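K.L.:
Structure file input02.cif (mmCIF, C-alpha atoms) right here:
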```cif
data_coords
#
loop_
_atom_site.label_atom_id
_atom_site.label_comp_id
_atom_site.auth_asym_id
_atom_site.auth_seq_id
_atom_site.Cartn_x
_atom_site.Cartn_y
_atom_site.Cartn_z
CA ASP A 11 1.95 8.61 -22.61
CA CYS A 12 4.26 5.99 -24.04
CA TYR A 13 5.91 6.78 -27.34
CA ASN A 14 8.47 5.98 -29.99
CA PRO A 15 10.55 8.92 -31.15
CA ASN A 16 10.77 9.64 -34.84
CA GLY A 17 14.56 9.53 -34.90
CA LYS A 18 17.02 9.48 -32.02
CA ALA A 19 16.02 10.22 -28.43
CA GLU A 20 18.54 13.06 -28.31
CA GLY A 21 18.48 16.18 -30.45
CA GLU A 22 15.51 18.02 -31.93
CA ALA A 23 12.26 16.11 -32.24
CA PHE A 24 9.39 17.36 -34.31
CA ALA A 25 7.01 14.49 -33.60
CA VAL A 26 6.73 11.25 -31.69
CA GLU A 27 4.44 8.27 -32.21
CA ILE A 28 2.13 7.73 -29.21
CA VAL A 29 1.62 4.02 -28.52
CA PRO A 30 -0.21 2.04 -25.83
CA CYS A 31 2.10 1.34 -22.88
CA ASP A 32 1.43 -2.39 -23.06
CA GLU A 33 3.12 -2.42 -26.50
CA ALA A 34 6.89 -2.22 -26.96
CA HIS A 35 8.02 1.40 -26.80
CA GLU A 36 11.21 3.42 -26.40
CA GLY A 37 9.98 6.11 -24.04
CA GLN A 38 7.38 7.15 -21.53
CA VAL A 39 6.49 10.65 -20.40
CA VAL A 40 6.69 10.72 -16.61
CA GLY A 41 6.09 14.40 -15.93
CA GLU A 42 5.65 17.79 -17.53
CA PHE A 43 6.03 21.37 -16.43
CA ALA A 44 6.16 24.83 -17.95
CA ILE A 45 9.19 27.06 -17.66
CA ASP A 46 8.07 30.31 -16.14
CA GLU A 47 11.42 32.10 -15.72
CA GLY A 48 11.11 35.44 -17.53
CA LYS A 49 9.84 36.27 -20.95
CA GLN A 50 13.09 35.84 -22.87
CA TYR A 51 14.42 32.49 -23.98
CA PRO A 52 16.95 31.42 -21.32
CA GLY A 53 19.21 29.80 -23.93
CA ASP A 54 19.81 26.13 -24.63
CA ASP A 55 22.03 25.79 -21.55
CA GLY A 56 19.51 27.63 -19.36
CA VAL A 57 16.64 25.43 -20.51
CA ALA A 58 18.77 22.30 -19.98
CA ALA A 59 19.73 23.44 -16.46
CA ILE A 60 16.07 23.94 -15.56
CA ALA A 61 15.16 20.51 -16.96
CA ASP A 62 18.15 18.90 -15.18
CA ASP A 63 16.85 20.30 -11.87
CA ARG A 64 13.14 19.67 -12.29
CA CYS A 65 12.84 16.42 -14.28
CA PRO A 66 14.29 14.18 -11.54
CA VAL A 67 11.70 15.62 -9.14
CA GLU A 68 8.89 15.01 -11.63
CA ALA A 69 10.17 11.49 -12.35
CA GLN A 70 10.23 10.59 -8.66
CA LYS A 71 6.57 11.56 -8.32
CA TYR A 72 5.78 9.04 -11.04
CA ALA A 73 8.27 6.24 -10.42
CA LEU A 74 9.30 6.39 -6.76
CA ASP A 75 11.26 3.16 -6.93
CA ALA A 76 14.12 3.97 -9.31
CA TRP A 77 15.61 0.53 -8.61
CA ALA A 78 12.54 -1.08 -10.22
CA LEU A 79 13.08 0.64 -13.57
CA PRO A 80 14.02 -1.63 -16.46
CA GLN A 81 17.76 -1.87 -17.10
CA GLY A 82 18.98 0.69 -19.63
CA VAL A 83 16.13 3.16 -19.04
CA GLU A 84 17.41 6.69 -18.43
CA LEU A 85 15.83 10.05 -17.71
CA TYR A 86 15.63 12.38 -20.73
CA TYR A 87 13.58 15.43 -21.56
CA TYR A 88 12.10 17.37 -24.43
CA THR A 89 12.40 21.15 -24.12
CA PRO A 90 11.40 24.22 -26.09
CA THR A 91 13.81 25.51 -28.71
CA LYS A 92 14.50 29.18 -29.32
CA GLU A 93 12.13 29.04 -32.29
CA SER A 94 9.30 27.29 -30.42
CA TRP A 95 9.78 29.65 -27.43
CA ALA A 96 8.96 32.56 -29.74
CA THR A 97 5.58 30.91 -30.47
CA GLY A 98 4.76 30.52 -26.74
CA ASP A 99 6.14 27.02 -26.11
CA ARG A 100 7.30 26.70 -22.49
CA ALA A 101 6.63 22.96 -21.98
CA VAL A 102 9.24 20.50 -20.77
CA SER A 103 8.37 16.81 -21.04
CA CYS A 104 10.37 14.55 -18.74
CA THR A 105 10.69 10.99 -20.02
CA TYR A 106 12.21 7.66 -19.21
CA THR A 107 13.75 6.40 -22.44
CA ALA A 108 15.42 3.11 -23.30
CA GLU A 109 19.02 3.70 -24.30
CA LYS A 110 18.80 0.64 -26.59
CA GLY A 111 15.78 -1.34 -27.63
CA THR A 112 12.34 -1.04 -26.10
CA PHE A 113 10.40 -1.89 -22.96
CA LYS A 114 6.77 -2.71 -22.19
CA GLY A 115 4.37 -1.59 -19.52
CA SER A 116 3.93 1.52 -17.48
CA LEU A 117 6.70 2.75 -15.21
CA ASP A 118 4.13 4.37 -12.92
CA THR A 119 5.04 2.66 -9.66
CA ALA A 120 3.67 5.44 -7.44
CA LYS A 121 0.07 4.23 -7.80
CA SER A 122 0.90 0.59 -7.01
CA LEU A 123 2.71 1.21 -3.72
CA GLU A 124 1.28 0.93 -0.25
CA PRO A 125 1.47 4.17 1.78
CA GLU A 126 4.31 2.86 3.95
CA GLN A 127 6.28 1.85 0.85
CA SER A 128 5.85 5.34 -0.60
CA THR A 129 6.94 6.88 2.69
CA TYR A 130 10.05 4.71 2.80
CA LEU A 131 10.99 5.44 -0.82
CA LYS A 132 10.43 9.18 -0.50
CA GLY A 133 12.68 9.25 2.56
CA SER A 134 15.41 7.08 1.09
CA ASN A 135 15.32 9.03 -2.19
CA ALA A 136 15.75 12.27 -0.25
CA VAL A 137 18.78 10.85 1.60
CA TYR A 138 20.30 9.68 -1.69
CA GLU A 139 19.65 13.07 -3.29
CA ALA A 140 21.18 14.91 -0.33
CA LEU A 141 24.27 12.75 -0.58
CA TRP A 142 24.80 13.17 -4.32
CA ALA A 143 23.53 16.71 -4.84
CA ASN A 144 25.98 18.00 -2.22
CA GLN A 145 29.18 16.40 -3.44
CA PRO A 146 32.27 18.22 -2.15
CA GLU A 147 34.59 19.75 -4.74
CA LYS A 148 37.70 17.87 -3.54
CA ASP A 149 38.34 14.19 -2.89
CA THR A 150 39.56 14.53 0.69
CA VAL A 151 38.13 16.13 3.80
CA GLU A 152 41.41 17.95 4.38
CA ASP A 153 41.09 19.70 1.01
CA ASP A 154 37.41 20.64 1.33
CA LEU A 155 36.23 20.59 4.94
CA ALA A 156 33.46 23.12 4.26
CA GLY A 157 32.14 21.00 1.37
CA TYR A 158 32.10 17.83 3.44
CA LYS A 159 30.39 19.64 6.32
CA ALA A 160 27.72 20.95 3.94
CA GLN A 161 27.16 17.45 2.58
CA ALA A 162 26.95 15.99 6.09
CA LYS A 163 24.45 18.68 7.14
CA ALA A 164 22.24 17.96 4.11
CA VAL A 165 22.37 14.19 4.66
CA ALA A 166 21.65 14.61 8.40
CA ALA A 167 18.60 16.76 7.62
CA ALA A 168 17.35 14.19 5.09
CA LEU A 169 17.89 11.35 7.58
CA ASP A 170 16.00 13.28 10.27
CA ALA A 171 13.10 13.80 7.88
CA HIS A 172 13.23 10.11 6.89
CA VAL A 173 13.06 9.02 10.54
CA LYS A 174 10.10 11.35 11.20
CA GLY A 175 8.37 9.98 8.12
CA LEU A 176 8.73 6.44 9.46
CA ASP A 177 7.13 7.35 12.82
CA GLY A 178 3.90 5.47 13.30
CA ILE A 179 4.46 2.92 10.54
CA GLU A 180 4.05 -0.57 11.93
CA GLY A 181 6.17 -3.60 11.15
CA THR A 182 9.30 -5.36 12.32
CA GLU A 183 11.45 -4.29 9.38
CA VAL A 184 10.35 -0.65 9.67
CA GLY A 185 11.11 -0.78 13.39
CA LYS A 186 14.63 -2.09 12.68
CA LEU A 187 15.19 0.57 10.04
CA HIS A 188 13.84 3.30 12.32
CA ALA A 189 16.17 2.21 15.11
CA THR A 190 19.16 2.04 12.73
CA LEU A 191 18.52 5.49 11.29
#
```
Would you mind writing the file out in structure tokens?
P.N.:
Amino acid sequence: DCYNPNGKAEGEAFAVEIVPCDEAHEGQVVGEFAIDEGKQYPGDDGVAAIADDRCPVEAQKYALDAWALPQGVELYYYTPTKESWATGDRAVSCTYTAEKGTFKGSLDTAKSLEPEQSTYLKGSNAVYEALWANQPEKDTVEDDLAGYKAQAKAVAAALDAHVKGLDGIEGTEVGKLHATL
């Protein structure tokens, strides 16, 4: 769904206006999931941590090519509050939202890609994620050798998976990339 929030994109929202995606809109839901960790409300920080982990994964299923997103569109989410949790609300809605202004059209690039394009993007996204999700604590190798080794191991594993994913895909450019990786 594409929507316009009633108010700011951040903070509590009680309702949003659903609009057709071919009209100007501020946000688009790109994935949803239910929080299933325990029966007690995990707290605002706990809910945010879960959404921070899971929404990028949901968003990549929908819009594999993050570089094709309109400028100024960022990943946000709507989560249950303590009050809504008490009524059974466990839903998290992951959205791409314009920081300023609006955008038109669907951001669903996953359906429009050829299989080899999807394979490439999934592999390159995994390498990027391995690089950034495993940032060492210190700025220099001498100060955090273990952190840099962990990052290198994660990136190497992602690169190996990327190379395996490219096996069997035809084309000169894929061949060059495969050889480079």
K.L.:
If the PyMOL selection byres ((chain A and resi 111) around 10) were run on this exact file, what residues would it hold? Put them as a PyMOL selection string.
P.N.:
chain A and resi 34-36+82-83+107-110+112-113
K.L.:
Need the shell around Ala120 of chain A: protein/DNA/RNA residues with any atom at most 9 Å away, counting all atoms listed in the file. Skip same-chain ones fewer than 3 positions apart. Format as a JSON list (two decimals) with C-alpha atoms, keeping the file's coordinate frame?
P.N.:
```json
[["chain", "number", "residue", "atom", "x", "y", "z"],
["A", 70, "GLN", "CA", 10.23, 10.59, -8.66],
["A", 71, "LYS", "CA", 6.57, 11.56, -8.32],
["A", 72, "TYR", "CA", 5.78, 9.04, -11.04],
["A", 73, "ALA", "CA", 8.27, 6.24, -10.42],
["A", 74, "LEU", "CA", 9.30, 6.39, -6.76],
["A", 75, "ASP", "CA", 11.26, 3.16, -6.93],
["A", 117, "LEU", "CA", 6.70, 2.75, -15.21],
["A", 123, "LEU", "CA", 2.71, 1.21, -3.72],
["A", 124, "GLU", "CA", 1.28, 0.93, -0.25],
["A", 128, "SER", "CA", 5.85, 5.34, -0.60]]
```
K.L.:
May I ask for the distance between atom CA of Ile60 of chain A and atom CA of Ile45 of chain A, given in Å to one decimal place?
P.N.:
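Distance reported for this atom pair: 7.8 Å.
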K.L.:
Just the residues within 10 Å of Val29 of chain A, please, counting only C-alpha atoms, with nothing from its chain fewer than 6 positions along; format it as a PyMOL selection string.
P.N.:
chain A and resi 11-14+35-38
K.L.:
Restricting it to C-alpha atoms, dump the selection as a compact mmCIF listing (two decimals), in the coordinates of the input.
P.N.:
```
# COMPACT_ATOMS: atom_id res chain seq x y z
CA ASP A 11 1.95 8.61 -22.61
CA CYS A 12 4.26 5.99 -24.04
CA TYR A 13 5.91 6.78 -27.34
CA ASN A 14 8.47 5.98 -29.99
CA HIS A 35 8.02 1.40 -26.80
CA GLU A 36 11.21 3.42 -26.40
CA GLY A 37 9.98 6.11 -24.04
CA GLN A 38 7.38 7.15 -21.53
```
K.L.:
Measuring atom to atom with all atoms listed in the file, identify which of A:Tyr88, A:Ala171, A:Ala59, A:Glu180 is nearest to Val137 of chain A.
P.N.:
A:Ala171
K.L.:
Could you name the residues that touch Lys174 of chain A at 12 Å or less, counting all atoms listed in the file, but leaving out those on the same chain fewer than 2 positions away, as a PDB file with C-alpha atoms, keeping the file's coordinate frame?
P.N.:
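Output (out_12.pdb):
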```pdb
ATOM      1  CA  THR A 129       6.940   6.880   2.690  1.00  0.00           C
ATOM      2  CA  TYR A 130      10.050   4.710   2.800  1.00  0.00           C
ATOM      3  CA  LYS A 132      10.430   9.180  -0.500  1.00  0.00           C
ATOM      4  CA  GLY A 133      12.680   9.250   2.560  1.00  0.00           C
ATOM      5  CA  ALA A 167      18.600  16.760   7.620  1.00  0.00           C
ATOM      6  CA  ALA A 168      17.350  14.190   5.090  1.00  0.00           C
ATOM      7  CA  LEU A 169      17.890  11.350   7.580  1.00  0.00           C
ATOM      8  CA  ASP A 170      16.000  13.280  10.270  1.00  0.00           C
ATOM      9  CA  ALA A 171      13.100  13.800   7.880  1.00  0.00           C
ATOM     10  CA  HIS A 172      13.230  10.110   6.890  1.00  0.00           C
ATOM     11  CA  LEU A 176       8.730   6.440   9.460  1.00  0.00           C
ATOM     12  CA  ASP A 177       7.130   7.350  12.820  1.00  0.00           C
ATOM     13  CA  GLY A 178       3.900   5.470  13.300  1.00  0.00           C
ATOM     14  CA  ILE A 179       4.460   2.920  10.540  1.00  0.00           C
ATOM     15  CA  LEU A 187      15.190   0.570  10.040  1.00  0.00           C
ATOM     16  CA  HIS A 188      13.840   3.300  12.320  1.00  0.00           C
ATOM     17  CA  ALA A 189      16.170   2.210  15.110  1.00  0.00           C
ATOM     18  CA  LEU A 191      18.520   5.490  11.290  1.00  0.00           C
TER      19      LEU A 191
END
```
K.L.:
Regenerate segment 164-190 of chain A at the level of N, CA, C and O atoms and dump it as a CSV table (one decimal), in the coordinates of the input.
P.N.:
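So the final result, stored in rebuild_32.csv, reads:
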```
chain,number,residue,atom,x,y,z
A,164,ALA,N,23.4,18.3,5.0
A,164,ALA,CA,22.2,18.0,4.1
A,164,ALA,C,21.8,16.5,4.3
A,164,ALA,O,20.6,16.2,4.4
A,165,VAL,N,22.7,15.6,4.4
A,165,VAL,CA,22.4,14.2,4.7
A,165,VAL,C,21.7,14.0,6.0
A,165,VAL,O,20.7,13.3,6.2
A,166,ALA,N,22.2,14.7,7.1
A,166,ALA,CA,21.6,14.6,8.4
A,166,ALA,C,20.2,15.1,8.4
A,166,ALA,O,19.3,14.5,9.0
A,167,ALA,N,20.0,16.2,7.7
A,167,ALA,CA,18.6,16.8,7.6
A,167,ALA,C,17.7,15.8,6.9
A,167,ALA,O,16.5,15.6,7.3
A,168,ALA,N,18.2,15.2,5.8
A,168,ALA,CA,17.4,14.2,5.1
A,168,ALA,C,17.1,12.9,5.9
A,168,ALA,O,16.0,12.4,5.9
A,169,LEU,N,18.1,12.5,6.7
A,169,LEU,CA,17.9,11.4,7.6
A,169,LEU,C,16.9,11.7,8.7
A,169,LEU,O,16.0,10.8,9.0
A,170,ASP,N,17.0,12.9,9.2
A,170,ASP,CA,16.0,13.3,10.3
A,170,ASP,C,14.6,13.3,9.7
A,170,ASP,O,13.7,12.8,10.4
A,171,ALA,N,14.4,13.8,8.5
A,171,ALA,CA,13.1,13.8,7.9
A,171,ALA,C,12.6,12.4,7.6
A,171,ALA,O,11.5,12.0,7.7
A,172,HIS,N,13.6,11.5,7.2
A,172,HIS,CA,13.2,10.1,6.9
A,172,HIS,C,12.8,9.4,8.2
A,172,HIS,O,11.7,8.7,8.2
A,173,VAL,N,13.4,9.6,9.3
A,173,VAL,CA,13.1,9.0,10.5
A,173,VAL,C,11.7,9.5,11.0
A,173,VAL,O,10.8,8.7,11.4
A,174,LYS,N,11.4,10.8,10.8
A,174,LYS,CA,10.1,11.4,11.2
A,174,LYS,C,9.0,10.8,10.3
A,174,LYS,O,7.9,10.5,10.8
A,175,GLY,N,9.3,10.6,9.0
A,175,GLY,CA,8.4,10.0,8.1
A,175,GLY,C,8.0,8.5,8.5
A,175,GLY,O,6.9,8.1,8.2
A,176,LEU,N,9.0,7.8,9.1
A,176,LEU,CA,8.7,6.4,9.5
A,176,LEU,C,8.0,6.3,10.8
A,176,LEU,O,7.5,5.2,11.1
A,177,ASP,N,7.9,7.4,11.5
A,177,ASP,CA,7.1,7.4,12.8
A,177,ASP,C,5.7,6.9,12.6
A,177,ASP,O,5.0,7.3,11.7
A,178,GLY,N,5.3,5.9,13.4
A,178,GLY,CA,3.9,5.5,13.3
A,178,GLY,C,3.7,4.4,12.3
A,178,GLY,O,2.5,3.9,12.2
A,179,ILE,N,4.6,4.0,11.5
A,179,ILE,CA,4.5,2.9,10.5
A,179,ILE,C,4.8,1.6,11.3
A,179,ILE,O,5.9,1.5,11.8
A,180,GLU,N,3.9,0.7,11.2
A,180,GLU,CA,4.0,-0.6,11.9
A,180,GLU,C,4.9,-1.6,11.1
A,180,GLU,O,5.0,-1.4,9.9
A,181,GLY,N,5.4,-2.5,11.8
A,181,GLY,CA,6.2,-3.6,11.2
A,181,GLY,C,7.6,-3.8,11.7
A,181,GLY,O,8.2,-2.8,12.1
A,182,THR,N,8.0,-5.0,11.8
A,182,THR,CA,9.3,-5.4,12.3
A,182,THR,C,10.4,-4.7,11.5
A,182,THR,O,11.4,-4.1,12.1
A,183,GLU,N,10.4,-4.8,10.2
A,183,GLU,CA,11.4,-4.3,9.4
A,183,GLU,C,11.5,-2.8,9.5
A,183,GLU,O,12.6,-2.2,9.5
A,184,VAL,N,10.4,-2.1,9.5
A,184,VAL,CA,10.4,-0.6,9.7
A,184,VAL,C,10.9,-0.3,11.0
A,184,VAL,O,11.7,0.7,11.2
A,185,GLY,N,10.6,-1.0,12.1
A,185,GLY,CA,11.1,-0.8,13.4
A,185,GLY,C,12.6,-0.9,13.4
A,185,GLY,O,13.3,-0.1,14.0
A,186,LYS,N,13.2,-1.9,12.8
A,186,LYS,CA,14.6,-2.1,12.7
A,186,LYS,C,15.3,-0.9,11.9
A,186,LYS,O,16.3,-0.4,12.4
A,187,LEU,N,14.7,-0.5,10.8
A,187,LEU,CA,15.2,0.6,10.0
A,187,LEU,C,15.1,1.9,10.8
A,187,LEU,O,16.1,2.6,10.9
A,188,HIS,N,14.0,2.1,11.5
A,188,HIS,CA,13.8,3.3,12.3
A,188,HIS,C,14.9,3.4,13.4
A,188,HIS,O,15.5,4.4,13.6
A,189,ALA,N,15.2,2.2,14.1
A,189,ALA,CA,16.2,2.2,15.1
A,189,ALA,C,17.6,2.4,14.5
A,189,ALA,O,18.4,3.2,15.1
A,190,THR,N,17.8,1.9,13.4
A,190,THR,CA,19.2,2.0,12.7
A,190,THR,C,19.4,3.5,12.3
A,190,THR,O,20.5,4.0,12.6
```
